Every structure is written in C-alpha cells, then in structure tokens.
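Shown next: target-v4.txt, given as compact mmCIF, C-alpha atoms.
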# COMPACT_ATOMS: atom_id res chain seq x y z
CA MET A 1 -54.41 31.41 -36.87
CA SER A 2 -51.81 28.91 -38.01
CA THR A 3 -52.72 26.09 -40.36
CA TYR A 4 -52.06 23.62 -37.54
CA ALA A 5 -54.39 25.43 -35.12
CA ALA A 6 -57.05 25.66 -37.83
CA LEU A 7 -56.74 21.93 -38.47
CA LEU A 8 -57.18 21.14 -34.77
CA THR A 9 -60.21 23.43 -34.55
CA GLU A 10 -61.72 21.67 -37.56
CA LEU A 11 -60.96 18.29 -36.01
CA ASP A 12 -62.63 19.29 -32.74
CA GLY A 13 -65.73 20.30 -34.69
CA ALA A 14 -65.80 17.01 -36.57
CA LEU A 15 -65.35 15.05 -33.34
CA ALA A 16 -68.19 16.91 -31.66
CA ALA A 17 -70.53 16.00 -34.52
CA GLY A 18 -69.53 12.33 -34.83
CA GLY A 19 -70.39 9.30 -32.72
CA SER A 20 -68.11 6.69 -31.20
CA ILE A 21 -68.20 4.50 -34.33
CA ARG A 22 -67.04 7.42 -36.45
CA HIS A 23 -64.34 8.26 -33.90
CA SER A 24 -63.11 4.67 -33.94
CA THR A 25 -63.00 4.66 -37.74
CA ILE A 26 -61.01 7.90 -37.80
CA LEU A 27 -58.67 6.49 -35.16
CA GLN A 28 -58.06 3.27 -37.13
CA ARG A 29 -57.26 5.21 -40.29
CA LEU A 30 -54.98 7.58 -38.42
CA ALA A 31 -53.19 4.62 -36.79
CA ASP A 32 -52.73 3.03 -40.23
CA LEU A 33 -51.24 6.26 -41.56
CA PHE A 34 -48.96 6.65 -38.56
CA GLN A 35 -47.71 3.05 -38.68
CA LEU A 36 -46.83 3.36 -42.36
CA GLY A 37 -44.52 6.32 -41.86
CA ALA A 38 -43.52 6.32 -38.19
CA ASP A 39 -39.83 5.79 -38.92
CA ASN A 40 -39.76 8.65 -41.41
CA TYR A 41 -41.82 11.32 -39.65
CA SER A 42 -40.09 14.33 -38.16
CA ASP A 43 -40.57 15.20 -34.49
CA ASP A 44 -42.96 17.98 -35.53
CA GLN A 45 -45.04 15.57 -37.60
CA ILE A 46 -45.17 13.11 -34.71
CA ALA A 47 -46.32 15.96 -32.46
CA VAL A 48 -49.27 16.61 -34.82
CA PHE A 49 -50.22 12.93 -34.74
CA ASP A 50 -49.84 13.02 -30.96
CA ASP A 51 -52.29 15.91 -30.57
CA VAL A 52 -54.86 14.29 -32.84
CA PHE A 53 -54.54 10.86 -31.21
CA VAL A 54 -54.94 12.30 -27.70
CA ARG A 55 -58.08 14.19 -28.77
CA LEU A 56 -59.56 11.02 -30.27
CA VAL A 57 -58.61 8.62 -27.47
CA SER A 58 -60.76 10.44 -24.93
CA ARG A 59 -63.81 9.82 -27.11
CA ILE A 60 -63.57 6.11 -27.88
CA GLU A 61 -64.52 2.89 -26.14
CA THR A 62 -62.15 0.75 -24.10
CA SER A 63 -61.90 -1.92 -26.80
CA ALA A 64 -60.82 0.65 -29.40
CA ARG A 65 -58.27 2.14 -26.96
CA ALA A 66 -56.91 -1.37 -26.30
CA ALA A 67 -56.58 -2.05 -30.02
CA LEU A 68 -54.75 1.25 -30.49
CA ALA A 69 -52.44 0.52 -27.56
CA ALA A 70 -51.51 -2.86 -29.03
CA ARG A 71 -50.66 -1.20 -32.35
CA ILE A 72 -48.75 1.76 -30.92
CA ALA A 73 -46.79 0.03 -28.13
CA PRO A 74 -44.12 -1.65 -30.30
CA ILE A 75 -43.43 1.48 -32.36
CA THR A 76 -40.14 2.99 -31.19
CA ARG A 77 -41.12 6.53 -32.22
CA ALA A 78 -44.71 6.33 -30.94
CA PRO A 79 -46.34 9.64 -30.02
CA PRO A 80 -45.14 10.35 -26.46
CA ALA A 81 -48.28 11.97 -25.01
CA LEU A 82 -50.44 9.22 -26.46
CA SER A 83 -48.11 6.63 -24.93
CA ARG A 84 -48.52 8.26 -21.49
CA VAL A 85 -52.30 8.49 -21.84
CA LEU A 86 -52.62 4.84 -22.84
CA ALA A 87 -50.19 3.63 -20.16
CA SER A 88 -52.14 5.60 -17.54
CA ASP A 89 -55.48 4.09 -18.50
CA ASP A 90 -57.23 2.31 -15.62
CA ALA A 91 -58.27 -0.50 -18.00
CA ILE A 92 -55.36 -2.94 -17.96
CA ASP A 93 -56.23 -4.15 -21.49
CA VAL A 94 -55.39 -0.64 -22.67
CA ALA A 95 -52.41 0.05 -20.43
CA ALA A 96 -50.56 -3.29 -20.48
CA PRO A 97 -49.11 -3.25 -24.03
CA VAL A 98 -47.69 0.24 -23.55
CA LEU A 99 -46.47 -0.44 -20.01
CA ARG A 100 -44.68 -3.53 -21.22
CA HIS A 101 -43.29 -2.34 -24.57
CA GLY A 102 -43.66 1.44 -24.86
CA ALA A 103 -40.25 2.93 -25.61
CA ARG A 104 -41.49 6.49 -25.11
CA LEU A 105 -42.27 6.10 -21.40
CA SER A 106 -39.67 7.77 -19.23
CA GLY A 107 -38.39 6.32 -15.99
CA ALA A 108 -40.22 9.11 -14.14
CA THR A 109 -43.51 8.21 -15.84
CA LEU A 110 -43.04 4.52 -15.09
CA ALA A 111 -42.22 5.33 -11.45
CA GLU A 112 -45.35 7.49 -11.10
CA LEU A 113 -47.54 4.79 -12.62
CA ALA A 114 -45.92 2.15 -10.40
CA ARG A 115 -46.75 4.31 -7.36
CA THR A 116 -50.41 4.80 -8.28
CA LYS A 117 -51.76 1.98 -10.43
CA SER A 118 -53.12 -1.51 -9.79
CA GLN A 119 -51.23 -4.77 -9.29
CA ALA A 120 -52.03 -5.70 -12.90
CA HIS A 121 -50.33 -2.47 -14.02
CA LEU A 122 -47.33 -3.26 -11.81
CA LEU A 123 -47.09 -6.75 -13.32
CA ALA A 124 -47.07 -5.27 -16.84
CA ILE A 125 -44.31 -2.85 -15.85
CA SER A 126 -42.30 -5.71 -14.31
CA LEU A 127 -42.20 -7.41 -17.73
CA ARG A 128 -40.38 -4.57 -19.51
CA ASP A 129 -37.04 -5.35 -21.15
CA TYR A 130 -35.31 -2.83 -18.87
CA LEU A 131 -36.21 -1.53 -15.41
CA ASP A 132 -34.11 1.08 -13.64
CA ARG A 133 -33.49 0.88 -9.91
CA SER A 134 -36.07 3.48 -8.93
CA VAL A 135 -38.88 1.66 -10.74
CA THR A 136 -37.72 -1.72 -9.45
CA ASP A 137 -37.75 -0.38 -5.87
CA ILE A 138 -41.36 0.75 -6.25
CA LEU A 139 -42.40 -2.58 -7.76
CA ILE A 140 -40.79 -4.43 -4.87
CA ASP A 141 -42.28 -2.09 -2.28
CA ARG A 142 -45.85 -2.11 -3.67
CA GLY A 143 -46.07 -5.35 -5.58
CA ASP A 144 -47.85 -8.54 -4.64
CA ARG A 145 -46.19 -11.96 -4.91
CA ASP A 146 -46.68 -12.18 -8.70
CA VAL A 147 -45.11 -8.75 -9.23
CA LEU A 148 -42.16 -9.60 -6.95
CA LEU A 149 -41.49 -12.89 -8.72
CA SER A 150 -41.79 -11.31 -12.15
CA THR A 151 -39.42 -8.50 -11.18
CA ALA A 152 -36.91 -10.94 -9.64
CA ARG A 153 -36.95 -13.07 -12.83
CA ASN A 154 -36.53 -10.09 -15.15
CA PRO A 155 -32.96 -10.12 -16.55
CA GLY A 156 -33.30 -6.42 -17.45
CA ALA A 157 -34.22 -5.29 -13.93
CA GLN A 158 -31.63 -3.23 -12.08
CA PHE A 159 -31.67 -3.61 -8.30
CA SER A 160 -30.68 -1.19 -5.58
CA ASP A 161 -29.36 -2.48 -2.26
CA PHE A 162 -32.88 -1.98 -0.85
CA GLY A 163 -34.48 -3.93 -3.71
CA PHE A 164 -31.96 -6.74 -3.58
CA SER A 165 -32.20 -7.18 0.20
CA THR A 166 -36.02 -7.00 0.10
CA ILE A 167 -36.19 -9.68 -2.62
CA ILE A 168 -33.83 -11.91 -0.63
CA ALA A 169 -35.91 -11.45 2.54

File written out as structure tokens:
Amino acid sequence: MSTYAALLTELDGALAAGGSIRHSTILQRLADLFQLGADNYSDDQIAVFDDVFVRLVSRIETSARAALAARIAPITRAPPALSRVLASDDAIDVAAPVLRHGARLSGATLAELARTKSQAHLLAISLRDYLDRSVTDILIDRGDRDVLLSTARNPGAQFSDFGFSTIIA
C-alpha cells in the first residue's frame, strides 16, 4: 500500500472516531495549512488536500462548510473536487462564495448547477466575473426577475442571440 493510501486509511479511521467538533477543528487547521502554501503546492499536493477536504466536508455542519467555502472560494488554485462539492451544496450559504468566485469551476459544472439548483444559486452564478454563453442562456431560461436583472447587468456575461433576444423581450 502506498504512503498516500495508508495516510487516507488512517484519516478515515480518525474521522470515524471523532465527533463534529473534532472534524471542524481538523478542517480549520487543514484550511490554514492550505491557504499558507496554495500558490506553491504542486498539482499532486493539491490533489492530496482535495481528497482530505472532501472526506472531511461530508462530516461537518453547514456553518463549518460555509466558513470553509468563504476561505477557499477566492483561492485561484483551490482544490477542484472540493470546489465542486461546495458549489453543489444545497445550502446557499455554503455554495454562494464558490459559485460567485470559484476559479476552479468549469463552464460545464456551472451549466449543470444552473440547470438543477435554486434561484439563490442562480443569482450567485449570475454575479461571477465571467459567464460564457451557455451558462448565461440557462440563467436567462430558468432565472427569476432578480437573476435576469443581475445577468443583464453583469459586464462579464456573454450573450447568445437567444439570450440577448430573451433579455430584450
């Protein structure tokens, strides 16, 4: 068994034995460590953080997930799987920071979330610095008045002919 696999097995054992307070403490310390070196970590190192974060996130309360999302969202090299998990969270307090600022969310991920999530999620997506046409079309098609206005006012939103004509109408 590789050192990495052994570490994850040990982590799973520690998580099974600890409570939510312990999980939150571990998560805060891990987030501190990640923030300190995010710009210098290799892709492999980020992948290790990603695996550990994803394992921890499923075991913590909404408020702790929201705090983590707020810390991770502005980091350009944030762990990609963690970014997707947080952005997909049904709790808008968790999802919003990553939906709005998460650089690691692909256009395909944003489009899928725009197709399936709440109006609050759509509003957070509409506030991103850049929106490609496919995401903008979904926001316009599914969004309520607030989402439509936010998308129309977004200088980074790209519009297809469909999106432009729908906004005008």

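For Ser150 of chain A, the non-local neighbours within 8 Å, defined as residues at least 2 positions apart in the same chain or in other chains and counting all atoms listed in the file, are A:Leu123, A:Ser126, A:Leu127, A:Asp146, A:Val147, A:Leu148, A:Ala152, A:Arg153, A:Asn154.
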
Task: Pick from A:Gln35, A:Thr109, A:Asn40, A:Gln119, whichever lies nearest to Arg145 of chain A using all atoms listed in the file - done: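 When distances to Arg145 of chain A are compared using all atoms listed in the file, the smallest one comes from A:Gln119.
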
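The two atoms in question, atom CA of Ser83 of chain A and atom CA of Gln158 of chain A, are spaced 23.1 Å apart.
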
Task: Two-atom distance - atom CA of Thr116 of chain A, atom CA of Val54 of chain A (Å) - done: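 Those two atoms sit 21.3 Å apart.
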
Open item on the list: Between atom CA of Gly102 of chain A and atom CA of Leu86 of chain A, what is the distance in Å, rounded to a tenth?
Closed with: 9.8 Å

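Minimum distance to Arg100 of chain A across A:Asp50, A:Glu112, A:Asp144, A:Asp129 (counting all atoms listed in the file) occurs at A:Asp129.
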
Open item on the list: Using only C-alpha atoms, which protein or nucleic acid residues come within 8 Å of Leu110 of chain A? Drop anything in the same chain fewer than 5 positions from it, and give the result as a list in words.
Closed with: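 The residues that qualify are Leu99, Leu105, Ile125 and Val135 of chain A.
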
Open item on the list: Between A:Ala87, A:Ala169, A:Ala157, A:Leu27, which residue has the minimum interatomic distance to Ala120 of chain A, considering only C-alpha atoms?
Closed with: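 Answer, going by the shortest atom-to-atom distance: A:Ala87.
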